[in-house]
Structure formats: structure tokens, C-alpha cells
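Pasted below: coords-v8.txt, compact mmCIF, C-alpha atoms and all ligand atoms.
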# COMPACT_ATOMS: atom_id res chain seq x y z
CA THR A 55 93.43 126.20 85.69
CA PRO A 56 90.75 123.81 84.44
CA THR A 57 90.41 122.26 87.90
CA SER A 58 89.89 125.52 89.83
CA SER A 59 86.93 125.35 92.17
CA ALA A 60 85.08 128.06 90.23
CA SER A 61 85.18 126.16 86.93
CA LYS A 62 84.54 122.95 88.83
CA SER A 63 81.32 124.31 90.29
CA GLY A 64 80.46 125.83 86.90
CA SER A 65 80.80 122.54 85.07
CA TRP A 66 78.97 120.76 87.89
CA SER A 67 75.94 123.04 87.73
CA SER A 68 75.73 122.70 83.95
CA PHE A 69 76.03 118.93 84.43
CA LEU A 70 73.10 118.99 86.86
CA LYS A 71 71.06 121.04 84.39
CA SER A 72 71.83 118.55 81.61
CA MET A 73 70.66 115.74 83.90
CA ALA A 74 67.11 117.10 83.71
CA SER A 75 66.81 115.53 80.26
CA PHE A 76 68.57 112.29 81.32
CA SER A 77 67.39 109.24 79.38
CA GLY A 78 67.85 106.21 81.65
CA ASP A 79 71.13 104.81 80.38
CA LEU A 80 73.76 105.84 82.93
CA THR A 81 76.59 105.13 80.56
CA SER A 82 75.38 107.72 78.07
CA MET A 83 75.59 110.64 80.47
CA THR A 84 78.52 113.01 80.07
CA ALA A 85 79.87 113.98 83.47
CA PRO A 86 82.53 116.63 84.19
CA PRO A 87 86.09 115.23 84.16
CA PHE A 88 86.76 115.55 87.89
CA ILE A 89 83.98 113.04 88.67
CA LEU A 90 85.45 110.40 86.33
CA SER A 91 87.20 107.39 87.81
CA SER A 92 89.78 105.21 86.08
CA THR A 93 88.13 102.05 87.42
CA SER A 94 85.93 100.10 85.07
CA LEU A 95 82.55 98.84 86.27
CA VAL A 96 83.71 95.29 85.49
CA GLU A 97 85.94 95.57 88.60
CA TYR A 98 83.01 96.14 90.93
CA SER A 99 82.27 92.38 91.08
CA ALA A 100 85.30 92.13 93.35
CA TYR A 101 83.40 93.75 96.21
CA TRP A 102 81.67 90.42 96.78
CA GLY A 103 84.86 88.69 97.80
CA GLU A 104 86.95 90.97 99.93
CA ASN A 105 86.14 89.04 103.08
CA PRO A 106 86.91 85.47 101.92
CA GLU A 107 86.75 84.13 105.48
CA LEU A 108 83.14 85.35 105.77
CA PHE A 109 82.38 84.08 102.26
CA VAL A 110 83.28 80.48 103.14
CA ALA A 111 82.10 80.61 106.78
CA PRO A 112 78.57 79.24 106.07
CA THR A 113 79.90 75.87 104.96
CA PHE A 114 81.41 75.27 108.41
CA GLU A 115 78.02 75.54 110.16
CA ALA A 116 76.27 72.20 110.73
CA ASP A 117 72.84 73.76 111.30
CA PRO A 118 70.85 75.11 108.32
CA GLU A 119 69.59 78.06 110.35
CA LEU A 120 73.12 79.05 111.32
CA ARG A 121 74.25 78.62 107.74
CA ALA A 122 71.53 80.98 106.56
CA LEU A 123 72.55 83.45 109.28
CA SER A 124 76.18 83.15 108.23
CA VAL A 125 75.26 83.86 104.58
CA LEU A 126 73.32 86.94 105.71
CA LYS A 127 76.25 88.20 107.79
CA TRP A 128 78.63 87.80 104.85
CA PHE A 129 76.19 89.61 102.54
CA LEU A 130 75.80 92.53 104.99
CA ALA A 131 79.56 92.69 105.39
CA THR A 132 80.02 93.15 101.61
CA LEU A 133 77.77 96.23 101.51
CA ARG A 134 80.28 98.70 102.92
CA ARG A 135 82.87 97.94 100.21
CA GLN A 136 80.23 97.68 97.45
CA TYR A 137 78.64 101.03 98.12
CA THR A 138 81.04 103.31 100.02
CA SER A 139 84.56 102.39 98.93
CA ARG A 140 84.80 105.02 96.17
CA ASN A 141 83.91 107.70 98.71
CA GLU A 142 86.51 106.33 101.09
CA LYS A 143 89.24 106.04 98.49
CA LEU A 144 88.46 108.95 96.17
CA GLY A 145 86.44 111.35 98.33
CA SER A 146 83.12 110.83 96.55
CA GLU A 147 81.26 108.45 94.30
CA LYS A 148 82.82 108.60 90.83
CA LYS A 149 81.62 107.66 87.40
CA PRO A 150 83.20 104.33 86.46
CA LEU A 151 84.57 103.52 83.02
CA ASN A 152 81.97 101.83 80.85
CA PRO A 153 83.28 98.30 80.17
CA PHE A 154 83.58 97.09 76.57
CA LEU A 155 82.08 93.77 75.49
CA GLY A 156 84.34 90.93 76.59
CA GLU A 157 86.28 93.02 79.09
CA LEU A 158 87.65 90.88 81.91
CA PHE A 159 88.67 91.35 85.50
CA LEU A 160 90.44 88.29 86.88
CA GLY A 161 92.19 87.67 90.16
CA VAL A 162 92.44 85.63 93.30
CA TRP A 163 92.10 86.32 97.01
CA LYS A 164 94.83 84.40 98.80
CA SER A 165 93.81 84.00 102.38
CA GLU A 166 96.47 83.70 105.07
CA ASP A 167 94.16 81.25 106.81
CA PRO A 168 94.83 77.78 105.33
CA LYS A 169 91.27 76.77 106.20
CA VAL A 170 89.96 79.46 103.83
CA GLY A 171 92.41 78.95 100.95
CA ASP A 172 92.17 80.71 97.58
CA THR A 173 89.05 82.33 96.17
CA ARG A 174 89.10 82.98 92.45
CA LEU A 175 87.35 85.93 90.80
CA ILE A 176 86.11 85.89 87.22
CA SER A 177 84.28 89.00 86.05
CA GLU A 178 83.30 89.51 82.42
CA GLN A 179 81.36 92.17 80.56
CA VAL A 180 78.85 89.95 78.79
CA SER A 181 76.83 92.77 77.22
CA HIS A 182 77.62 96.33 76.24
CA HIS A 183 74.15 97.45 75.15
CA PRO A 184 72.65 97.33 77.74
CA PRO A 185 75.68 97.02 80.02
CA VAL A 186 75.73 93.71 81.91
CA THR A 187 78.57 92.31 84.02
CA ALA A 188 78.63 88.63 84.98
CA TYR A 189 80.81 87.23 87.73
CA ALA A 190 81.81 84.05 89.52
CA LEU A 191 83.68 83.71 92.81
CA ILE A 192 84.99 80.23 93.36
CA ASN A 193 86.51 78.76 96.49
CA GLU A 194 87.38 75.20 95.37
CA LYS A 195 88.81 74.17 98.69
CA ASN A 196 85.56 74.71 100.57
CA GLY A 197 83.16 74.10 97.70
CA VAL A 198 81.67 77.60 97.90
CA ARG A 199 80.66 79.39 94.70
CA LEU A 200 78.90 82.65 93.95
CA GLU A 201 77.55 83.25 90.45
CA GLY A 202 75.73 86.37 89.38
CA TYR A 203 75.22 89.16 86.92
CA ASN A 204 74.33 92.79 87.17
CA GLY A 205 72.80 95.52 85.06
CA GLN A 206 71.25 98.85 86.01
CA LYS A 207 68.24 100.95 85.11
CA ALA A 208 68.34 104.57 86.17
CA GLY A 209 66.13 107.62 86.40
CA PHE A 210 66.72 111.22 87.43
CA SER A 211 64.30 113.35 89.40
CA ARG A 212 64.34 115.84 92.28
CA MET A 213 68.13 116.05 92.16
CA THR A 214 68.77 112.37 92.74
CA ILE A 215 69.68 109.51 90.43
CA SER A 216 67.60 106.43 91.24
CA VAL A 217 69.06 103.10 90.21
CA THR A 218 67.38 99.70 90.02
CA GLN A 219 69.71 96.75 89.81
CA ILE A 220 68.78 94.00 87.39
CA GLY A 221 70.07 90.50 88.03
CA HIS A 222 70.78 88.40 91.08
CA ALA A 223 73.42 86.15 92.55
CA LEU A 224 73.31 82.48 93.51
CA LEU A 225 75.50 81.16 96.28
CA HIS A 226 76.11 77.43 96.25
CA LEU A 227 77.47 75.31 99.08
CA ASP A 228 78.71 71.96 97.75
CA GLN A 229 78.93 70.30 101.12
CA TRP A 230 75.24 70.85 101.87
CA ASP A 231 74.02 70.98 98.27
CA GLU A 232 72.31 74.26 99.10
CA ASP A 233 71.55 77.34 97.05
CA TYR A 234 70.90 80.90 98.15
CA LEU A 235 69.19 83.31 95.80
CA ILE A 236 70.43 86.81 96.54
CA THR A 237 68.50 89.80 95.21
CA LEU A 238 70.10 93.21 94.79
CA PRO A 239 68.95 96.42 96.50
CA SER A 240 67.94 99.50 94.61
CA LEU A 241 69.83 102.65 95.36
CA HIS A 242 69.94 106.36 94.79
CA ILE A 243 72.69 108.94 94.64
CA GLU A 244 72.64 111.62 97.32
CA GLY A 245 74.79 114.72 97.57
CA LEU A 246 74.47 115.70 93.91
CA VAL A 247 73.67 119.33 94.67
CA THR A 248 76.83 119.82 96.70
CA GLY A 249 78.98 117.97 94.17
CA SER A 250 79.90 115.14 96.53
CA PRO A 251 77.76 112.21 95.41
CA PHE A 252 77.36 109.08 97.55
CA VAL A 253 75.18 105.99 97.39
CA GLU A 254 72.26 105.31 99.70
CA LEU A 255 70.43 101.98 99.52
CA ASN A 256 66.66 101.80 99.63
CA LYS A 257 63.69 99.46 99.77
CA LYS A 258 64.43 95.81 100.46
CA SER A 259 66.59 92.97 99.28
CA TYR A 260 66.26 89.26 100.01
CA ILE A 261 68.29 86.11 100.42
CA TYR A 262 66.14 83.03 99.81
CA SER A 263 67.62 79.71 100.83
CA SER A 264 66.73 76.36 99.30
CA THR A 265 66.34 75.21 102.94
CA GLY A 266 63.31 77.48 103.40
CA TYR A 267 64.94 80.41 105.20
CA THR A 268 64.35 83.94 103.98
CA ALA A 269 66.48 86.88 104.98
CA THR A 270 64.83 90.26 104.40
CA VAL A 271 67.01 93.36 104.51
CA ASP A 272 65.07 96.58 104.93
CA TYR A 273 67.14 99.67 104.05
CA SER A 274 65.88 102.81 105.74
CA GLY A 275 68.73 105.15 104.85
CA ARG A 276 68.88 108.19 107.10
CA GLY A 277 65.83 106.79 108.84
CA TRP A 278 63.62 108.82 111.14
CA LEU A 279 64.32 106.15 113.76
CA SER A 280 68.09 106.40 114.06
CA GLY A 281 68.83 109.51 112.02
CA LYS A 282 71.96 107.78 110.73
CA LYS A 283 72.70 107.17 107.06
CA ASN A 284 72.97 103.59 105.74
CA SER A 285 70.60 102.25 108.41
CA PHE A 286 68.97 98.87 107.96
CA THR A 287 67.12 96.10 109.74
CA ALA A 288 67.43 92.50 108.58
CA THR A 289 65.43 89.50 109.71
CA LEU A 290 65.95 85.81 109.17
CA GLN A 291 62.82 83.69 109.16
CA LYS A 292 61.96 80.11 108.31
CA ASP A 293 59.00 79.67 105.93
CA THR A 294 55.91 81.07 107.65
CA ALA A 295 57.31 81.12 111.19
CA SER A 296 55.55 83.68 113.35
CA LYS A 297 58.67 85.55 114.35
CA PRO A 298 62.22 85.95 113.09
CA ALA A 299 64.90 83.59 114.35
CA TYR A 300 67.41 86.45 114.16
CA THR A 301 67.34 90.20 113.67
CA ILE A 302 70.35 92.25 112.61
CA SER A 303 70.26 96.04 112.70
CA GLY A 304 72.51 99.04 112.56
CA GLN A 305 74.45 100.74 109.77
CA TRP A 306 75.78 98.64 106.91
CA SER A 307 78.73 101.02 106.59
CA GLY A 308 79.32 101.03 110.35
CA ASP A 309 78.31 98.82 113.26
CA PHE A 310 75.55 96.28 113.39
CA VAL A 311 74.24 93.94 116.06
CA VAL A 312 72.83 90.42 115.75
CA LYS A 313 69.97 89.53 118.10
CA ASP A 314 68.36 86.15 118.60
CA ALA A 315 64.61 85.42 118.71
CA ASN A 316 64.48 86.64 122.32
CA LYS A 317 66.06 89.97 121.32
CA LYS A 318 69.25 89.10 123.15
CA ASP A 319 72.47 90.50 121.60
CA ILE A 320 74.59 87.63 120.45
CA GLU A 321 77.18 89.32 118.27
CA SER A 322 78.26 92.68 116.92
CA TYR A 323 80.14 93.53 113.76
CA THR A 324 82.16 96.66 113.00
CA SER A 325 82.49 96.98 109.26
CA ASN A 326 84.95 99.91 109.28
CA SER A 327 87.58 98.05 111.25
CA HIS A 328 87.04 94.63 109.70
CA PRO A 329 90.16 93.82 107.65
CA THR A 330 89.73 93.04 103.93
CA THR A 331 91.89 90.74 101.84
CA PRO A 332 93.40 92.38 98.73
CA LEU A 333 92.74 90.79 95.36
CA THR A 334 95.88 89.51 93.65
CA LEU A 335 96.07 90.34 89.92
CA ALA A 336 98.53 89.27 87.24
CA PRO A 337 101.12 91.98 86.54
CA ILE A 338 99.91 94.30 83.75
CA GLU A 339 102.57 92.97 81.32
CA ALA A 340 101.24 89.43 81.77
CA GLN A 341 97.58 90.38 81.34
CA SER A 342 95.60 89.66 78.20
CA PRO A 343 94.47 92.67 76.13
CA LEU A 344 90.92 91.93 77.30
CA GLU A 345 91.81 92.47 80.93
CA SER A 346 90.47 95.70 82.32
CA ARG A 347 93.58 97.28 83.84
CA LYS A 348 95.62 96.49 80.74
CA ALA A 349 92.98 97.69 78.29
CA TRP A 350 92.33 101.00 80.09
CA SER A 351 95.91 101.67 81.21
CA LYS A 352 96.42 104.66 78.90
CA VAL A 353 93.10 106.19 79.91
CA ALA A 354 94.02 105.70 83.56
CA GLU A 355 97.42 107.35 83.02
CA ALA A 356 95.88 110.34 81.27
CA LEU A 357 93.25 110.74 84.00
CA ALA A 358 95.88 110.52 86.75
CA ALA A 359 97.88 113.24 84.96
CA GLY A 360 94.75 115.42 84.80
CA ASP A 361 95.06 115.47 81.01
CA TYR A 362 91.42 115.34 79.97
CA GLU A 363 92.13 115.76 76.27
CA ALA A 364 94.35 112.68 76.28
CA THR A 365 91.74 110.91 78.42
CA SER A 366 88.99 111.37 75.88
CA ALA A 367 91.35 110.62 72.96
CA GLU A 368 92.38 107.31 74.56
CA LYS A 369 88.77 106.49 75.39
CA SER A 370 87.72 107.19 71.82
CA LYS A 371 90.41 104.82 70.56
CA ILE A 372 88.88 101.96 72.54
CA GLU A 373 85.34 102.89 71.55
CA ASN A 374 86.26 103.07 67.87
CA GLU A 375 88.07 99.73 68.00
CA GLN A 376 84.95 98.23 69.53
CA ARG A 377 82.71 99.74 66.84
CA GLU A 378 85.01 98.28 64.18
CA LEU A 379 84.92 94.86 65.82
CA ARG A 380 81.11 94.85 65.95
CA LYS A 381 80.94 95.95 62.32
CA LYS A 382 83.28 93.17 61.28
CA GLU A 383 81.33 90.57 63.27
CA LYS A 384 78.12 91.73 61.65
CA GLU A 385 79.62 91.44 58.17
CA GLU A 386 80.88 87.95 58.93
CA GLY A 387 77.64 86.90 60.62
CA LYS A 388 79.50 86.15 63.84
CA GLU A 389 78.88 87.05 67.42
CA TRP A 390 81.39 87.87 70.14
CA GLN A 391 82.08 84.72 72.15
CA ARG A 392 81.83 85.21 75.90
CA ARG A 393 84.70 83.48 77.63
CA TYR A 394 83.23 82.32 80.92
CA PHE A 395 79.46 82.81 80.81
CA SER A 396 76.48 81.78 78.69
CA ALA A 397 73.10 83.36 78.08
CA VAL A 398 70.22 81.02 78.93
CA GLU A 399 66.45 81.35 78.84
CA THR A 400 65.89 79.52 82.11
CA ASP A 401 68.13 78.72 85.00
CA PRO A 402 66.83 75.70 86.95
CA ARG A 403 68.63 76.69 90.15
CA PHE A 404 67.03 80.12 90.01
CA GLU A 405 63.60 78.68 89.14
CA ALA A 406 63.69 76.10 91.95
CA ILE A 407 63.90 78.84 94.58
CA ALA A 408 62.12 81.70 92.80
CA SER A 409 58.98 79.66 92.05
CA LYS A 410 58.66 78.70 95.73
CA VAL A 411 58.87 82.26 97.00
CA GLY A 412 57.00 83.90 94.14
CA PHE A 413 59.96 85.90 92.88
CA SER A 414 59.47 86.95 89.28
CA ALA A 415 61.94 85.88 86.62
CA GLU A 416 60.90 88.50 84.10
CA THR A 417 62.43 91.49 85.90
CA GLU A 418 65.63 89.49 86.22
CA LYS A 419 66.38 89.09 82.56
CA THR A 420 68.54 91.35 80.48
CA GLY A 421 67.67 91.31 76.79
CA GLY A 422 65.50 88.22 77.47
CA TYR A 423 68.27 86.17 79.08
CA PHE A 424 69.81 85.07 82.33
CA TRP A 425 73.59 84.85 82.45
CA VAL A 426 75.11 81.73 83.98
CA PHE A 427 78.65 80.65 84.71
CA ASP A 428 79.89 78.12 82.15
CA GLY A 429 82.31 75.55 83.56
CA GLU A 430 83.17 74.10 80.13
CA LYS A 431 84.06 77.47 78.65
CA THR A 432 86.13 78.19 81.72
CA LYS A 433 88.13 74.98 81.29
CA ARG A 434 88.90 75.99 77.72
CA ALA A 435 89.83 79.53 78.70
CA ASP A 436 92.08 78.21 81.47
CA ALA A 437 93.82 75.83 79.09
CA GLU A 438 94.38 78.66 76.62
CA ALA A 439 95.76 80.93 79.32
CA ALA A 440 98.10 78.17 80.48
CA ALA A 441 99.56 77.78 76.96
CA PRO A 442 102.84 79.71 76.70
CA ALA A 443 101.90 83.11 75.33
CA GLN A 444 105.29 83.88 73.71
CA ALA A 445 105.55 80.55 71.90
CA PRO A 446 106.16 80.97 68.18
CA VAL A 447 102.98 80.87 66.15
CA ALA A 448 104.09 77.74 64.26
CA GLU A 449 104.50 75.82 67.50
CA GLN A 450 101.05 76.87 68.69
CA VAL A 451 99.51 75.53 65.53
CA VAL A 452 101.25 72.18 66.07
CA ALA A 453 100.04 72.08 69.67
CA GLU A 454 96.44 72.32 68.49
C1 LIG S 1 77.38 96.65 90.92
C2 LIG S 1 77.38 98.98 92.62
C3 LIG S 1 76.83 99.14 91.23
C4 LIG S 1 77.44 98.04 90.33
C5 LIG S 1 77.23 100.54 90.66
C6 LIG S 1 75.11 103.41 89.85
C7 LIG S 1 76.63 103.32 89.70
C8 LIG S 1 76.96 102.20 88.73
C9 LIG S 1 76.59 100.83 89.29
C10 LIG S 1 75.31 98.97 91.28
C11 LIG S 1 78.06 96.60 92.27
O1 LIG S 1 77.97 95.29 92.80
C12 LIG S 1 77.44 97.62 93.21
C13 LIG S 1 77.79 100.02 93.36
C14 LIG S 1 77.70 101.42 92.96
C15 LIG S 1 76.91 101.67 91.66
C16 LIG S 1 77.33 103.00 91.04
C17 LIG S 1 77.15 104.28 91.85
C18 LIG S 1 77.15 105.33 90.75
O2 LIG S 1 77.04 106.50 90.95
C19 LIG S 1 77.25 104.70 89.41
C20 LIG S 1 76.67 105.57 88.25
C21 LIG S 1 76.93 104.95 86.90
C22 LIG S 1 77.38 106.91 88.21
O3 LIG S 1 78.56 106.95 88.15
C23 LIG S 1 76.58 108.17 88.23
C24 LIG S 1 77.47 109.38 88.30
C25 LIG S 1 77.64 109.88 89.72
C26 LIG S 1 79.01 109.60 90.30
C27 LIG S 1 77.41 111.33 89.92
C28 LIG S 1 77.24 112.17 88.78

What would you get if you wrote out this structure as C-alpha cells?
Amino acid sequence: TPTSSASKSGSWSSFLKSMASFSGDLTSMTAPPFILSSTSLVEYSAYWGENPELFVAPTFEADPELRALSVLKWFLATLRRQYTSRNEKLGSEKKPLNPFLGELFLGVWKSEDPKVGDTRLISEQVSHHPPVTAYALINEKNGVRLEGYNGQKAGFSRMTISVTQIGHALLHLDQWDEDYLITLPSLHIEGLVTGSPFVELNKKSYIYSSTGYTATVDYSGRGWLSGKKNSFTATLQKDTASKPAYTISGQWSGDFVVKDANKKDIESYTSNSHPTTPLTLAPIEAQSPLESRKAWSKVAEALAAGDYEATSAEKSKIENEQRELRKKEKEEGKEWQRRYFSAVETDPRFEAIASKVGFSAETEKTGGYFWVFDGEKTKRADAEAAAPAQAPVAEQVVAE
């Protein structure tokens, strides 16, 4: 059978050999079928919001230092889902579907806690070449909003894939009129040789607050100190204070401990046992053709059935449709309209923080632009979605 372990290891070793001449664009690499997932990369934005109670928690803190600590705790709590959930669900890291331009992933986290309320997710593929996903998580009730975008640059050497993330996220707290600039860690893929890839984070990432606090997360991986994978140490420090106000260390996929300035344990967090809130999606029948699950449903079916011929046939259909669309747009001198986000050359909220801390804007841009959430576009898209979809065409024209 095509999935026997012998042919599996055969196709895997030829895949590894082909990686030697890898070009940098992850989406262009052809991986063996058993490593393919039926989840599109546009869905990955959801990992930011699976703990809505931690997401809104900062706004309930009256002290700016505790708010910054609360933001850091939420960020650290997202890492396990962001970077290990494919391994947990599917047994290893898998190659996601490459989203098409305009692909959407929309949903809402309905918290059982009335204090938390609903958190809306909007994720949109705003660029296909290079791939860029933009997202917004909005909790109206508590005035908490995360806006961000994400692209990747990759390289292959010494049997690992190294990935730099391009883009950042901004967390806004209405009640305190505060912004947090969140940078994204770089990562690499381990376990390629044995055919069971998983993500390890490396170097550092930062959360800069408009109140002057900086959180630095130092990822040591399977560090020589602890010997455990996914190890990290994070510090929270105000401006040029001589020592951190808080230190958090442990494993981002496991347990971590919060210590105060006197190195006293004040809290511990167990990420494996911390419950997550599932994202609620519209039923497939009610989704728009641009929504990820709907658009890729035939590919997902074929993959689930292990029918790789049908998988690539269904994928090609989507790719060809997209090529046709781009051709048509070019002929008509039009450009695909993004539904929820806009490309801008400068983002004042980013600049206000980045200029203070000396964080460069140039590495943040994709194709020369930042991507920002567009409230006006969103209002229009919401109004359109609220219009009865099955209404006769004539009636729709009258309604306009
Ligand atoms: C944003 C996240 C990102 C996306 C993924 C590198 C990767 C695609 C990008 C950075 C999310 O917020 C966080 C988590 C995991 C990242 C993925 C891990 C991964 O392996 C893929 C790439 C495209 C591959 O699929 C490489 C193939 C690999 C499974 C082995 C051959």
C-alpha cells in the first residue's frame, strides 16, 4: 500500500534530499502526502484566542505593572497551542494548506464566564505571494483587541528548517488606552531525520508596553541548564530599572513559575491542563465560499480518505481558479479587495512604541507594507454578511 512504512520512509528520505536545494519559500516545497494537513495556515491565527479569560484579564488589573505581567502570562499561555497542537492532535508537525488570497477564517469564542463574554476572530489571507495572514481578535465587552499579521522566511541547513516570522501584533486595552507591541519568535523544525517534525522556538521575543514595561522572552530550547525542550526564561522590566520586577521560567509547553523581584514564587501555570475554549464557526453550509473550511472541504475529504490523487486534483482546481482570477484582475486593471484589512506604509501605533525602544520597522514590512485592521471595511463586510444570502437577486439590487 502507498502508506506502508517502507514507502513512507522512502518518500521521506527523498524529501529530505530534495530539501538540500530548498529556496526559502516554504509553500513551494513538495512534501510527501502523509505529512500534509487539511488545515489551512489562515486558521493558525486562532491560537491567539483559545484562552479568552487570559486574553481579557489584563484590563481588570488597576496597576500598569500587573497589567504588563498579565499580558505576558497570556502570551506565554498561547505558545503551547501555537507551536505544539499539531503534534498533539496529529502526532507530528504537518504541512498546512497554503491559503489563497482572500481566504477567511471567522469565528467566535463564547466564554461561559459572563465577565469575559464573546471574543471575535477575523483572519484573512491578505497576500499570497509572499504569503501573509492578517488577524484581529476583538472582545467588545472588555474593550480588548489584538491586531496582527504574519509571514515567514525560511532556510534549510544541517537537517533543520529555520523560520523567521515577519510581522507583529498589537494588543490594545480601551479602558487604559494602552498598547502592547508583541514581536514573534523565530523557530526551527526538529525531528526531521526521524520523520516526526516538531517546532522549537529560539532566540528572543519581546512585548513592549506603551507604559514603559518591556517583557523579554528568552527561548533556550533543550537548554543545557534544564535539559528540557521548550525551555524559556522571561523577565518583565520597567524602562532602565536595574532588575526585573518579575521573572517567569519553565517550559512553555508544560509548567512555568512566576517569581517576583525577590525571587519568591508567586504563581505557577500548567499549560497542559489549562482548559481551552473552542472556537465557534458557522456551519459549513452557511459559510461564504471564501471561508477556509468551505473552500478546502473537498481537499480535506480526499486527504481524510487517503486519496492523494483526488487531493492533488482538488488542490489544483483551487490553484487554477486563483490563477484565472488574478489574470482577469490584471486584464481589468483591478486588484483583489481585502475584506477586513488594509496595507499601510506607516502605522502610528506601531511607530509610537517601536521608535522608543529602537525596534526597526523595516524588517516588519511585507512587500513594503504593514497590514492593519480596518474598522470601516469590517462594518461593510458585516452588513453584507447580515443581508439575507438567499434573497432573490432582484430584491438585493433594490436593497442597494
Ligand atoms: C503563525 C506558527 C506559524 C504560523 C507556522 C513554519 C510552519 C508554518 C508557519 C509560524 C502561527 O501564529 C504560529 C506555528 C507553526 C509554524 C509552522 C510549523 C511548520 O512546520 C510550518 C512549515 C510551513 C511546514 O509545514 C514545514 C514542513 C514540516 C512539517 C516538515 C517537512

Can you tell me which residues surround region 315-318 of chain A at a distance of at most 10 Å, considering only C-alpha atoms, apart from same-chain residues fewer than 5 positions away, and format the answer as a PyMOL selection string? chain A and resi 289-291+297-302

What is the distance between CA of Arg392 (chain A) and CA of Phe129 (chain A), in Å to one decimal?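 A separation of 27.6 Å between them.
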
When the cut-off is 6 Å and you count only C-alpha atoms and all ligand atoms, which residues lie near ligand LIG 1 (chain S), shown as a compact mmCIF listing (two decimals) with C-alpha atoms, in the coordinates of the input?
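Resulting contents of result.txt:
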# COMPACT_ATOMS: atom_id res chain seq x y z
CA LEU A 80 73.76 105.84 82.93
CA TYR A 98 83.01 96.14 90.93
CA SER A 99 82.27 92.38 91.08
CA GLN A 136 80.23 97.68 97.45
CA TYR A 137 78.64 101.03 98.12
CA GLU A 147 81.26 108.45 94.30
CA LYS A 148 82.82 108.60 90.83
CA LYS A 149 81.62 107.66 87.40
CA PRO A 150 83.20 104.33 86.46
CA PRO A 251 77.76 112.21 95.41

Of the candidates A:Val426, A:Ala288, A:Ala440, A:Leu255, which shows the shortest atom-to-atom distance to Leu133 (chain A), using all atoms listed in the file?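 Comparing A:Val426, A:Ala288, A:Ala440, A:Leu255 against Leu133 (chain A), the winner is A:Leu255.
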
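Comparing A:Arg393, A:Lys369, A:Phe69, A:Ile338 by their smallest distance to Leu357 (chain A), the closest is A:Lys369 (using only C-alpha atoms).
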
Between A:Asn141, A:Ser250, A:Asn193, A:Ser240, which has the minimum distance to Asp228 (chain A) (counting all atoms listed in the file)?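 Among the listed residues, the smallest separation from Asp228 (chain A) belongs to A:Asn193.
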
Please report, as a Markdown table, each residue of region 327-422 of chain A lying at most 10 Å from region 174-186 of chain A, together with the nearest pair of atoms and the separation in Å rounded to one decimal; use only C-alpha atoms, and order rows by chain and ascending residue number.
| residue | atom | partner | partner_atom | distance |
| --- | --- | --- | --- | --- |
| A:Leu333 | CA | A:Leu175 | CA | 8.6 |
| A:Thr334 | CA | A:Arg174 | CA | 9.5 |
| A:Leu335 | CA | A:Leu175 | CA | 9.8 |
| A:Leu344 | CA | A:Glu178 | CA | 9.5 |
| A:Glu345 | CA | A:Glu178 | CA | 9.1 |
| A:Ser346 | CA | A:Glu178 | CA | 9.5 |
| A:Trp390 | CA | A:Val180 | CA | 9.3 |
| A:Gln391 | CA | A:Val180 | CA | 9.0 |
| A:Arg392 | CA | A:Val180 | CA | 6.3 |
| A:Arg393 | CA | A:Glu178 | CA | 7.8 |
| A:Tyr394 | CA | A:Glu178 | CA | 7.3 |
| A:Phe395 | CA | A:Val180 | CA | 7.4 |
| A:Ser396 | CA | A:Val180 | CA | 8.5 |
| A:Ala397 | CA | A:Val180 | CA | 8.8 |
| A:Thr420 | CA | A:Val186 | CA | 7.7 |
| A:Gly421 | CA | A:Pro184 | CA | 7.9 |

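Omitting region 321-331 of chain A and its sequence neighbours fewer than 2 positions away, and counting all atoms listed in the file, the residues within 8 Å are Glu104, Asn105, Pro106, Ala131, Arg134, Trp163, Lys164, Ser165, Trp306, Ser307, Gly308, Asp309, Phe310, Val311, Val312, Lys313, Asp319 and Leu333 of chain A.
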
Using only C-alpha atoms, please write the residues we just selected to a file, as a JSON list (two decimals), keeping the file's coordinate frame.
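Contents of out-v4.json, freshly written:
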[["chain", "number", "residue", "atom", "x", "y", "z"],
["A", 104, "GLU", "CA", 86.95, 90.97, 99.93],
["A", 105, "ASN", "CA", 86.14, 89.04, 103.08],
["A", 106, "PRO", "CA", 86.91, 85.47, 101.92],
["A", 131, "ALA", "CA", 79.56, 92.69, 105.39],
["A", 134, "ARG", "CA", 80.28, 98.70, 102.92],
["A", 163, "TRP", "CA", 92.10, 86.32, 97.01],
["A", 164, "LYS", "CA", 94.83, 84.40, 98.80],
["A", 165, "SER", "CA", 93.81, 84.00, 102.38],
["A", 306, "TRP", "CA", 75.78, 98.64, 106.91],
["A", 307, "SER", "CA", 78.73, 101.02, 106.59],
["A", 308, "GLY", "CA", 79.32, 101.03, 110.35],
["A", 309, "ASP", "CA", 78.31, 98.82, 113.26],
["A", 310, "PHE", "CA", 75.55, 96.28, 113.39],
["A", 311, "VAL", "CA", 74.24, 93.94, 116.06],
["A", 312, "VAL", "CA", 72.83, 90.42, 115.75],
["A", 313, "LYS", "CA", 69.97, 89.53, 118.10],
["A", 319, "ASP", "CA", 72.47, 90.50, 121.60],
["A", 333, "LEU", "CA", 92.74, 90.79, 95.36]]

My list of candidates is A:Val217, A:Trp230, A:Ile261, A:Tyr267. Which is closest to His242 (chain A) when distances are computed with only C-alpha atoms?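 Among the listed residues, the smallest separation from His242 (chain A) belongs to A:Val217.
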
Quick one: residues within 10 Å of Arg121 (chain A), all atoms listed in the file, excluding same-chain residues fewer than 4 positions away - as a ChimeraX atom specification? /A:111-117,125-127,227,230,232,263,265,267

Could you tell me how far CA of Phe286 (chain A) lies from CA of Phe109 (chain A), in Å and to one decimal? 20.8 Å

Give me, as number ranges by chain, all polymer residues having an atom no more than 7 Å from Val353 (chain A), counting only C-alpha atoms and skipping those fewer than 2 positions away in the same chain. A: 350-351, 355-357, 365, 368-369

Measuring atom to atom with all atoms listed in the file, identify which of A:Gly245, A:Gly275, A:Gly221, A:Gly161 is nearest to Tyr423 (chain A).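 Counting all atoms listed in the file, the residue closest to Tyr423 (chain A) is A:Gly221.
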
To one decimal in Å, tell me the separation between CA of Met213 (chain A) and CA of Ser259 (chain A).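 Rounded to one decimal, the two atoms are 24.2 Å apart.
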
Name the closest residue to Thr294 (chain A) among the candidates A:Ala223, A:Ala340, A:Ala85, A:Val411; distances are taken between atoms, counting all atoms listed in the file. A:Val411
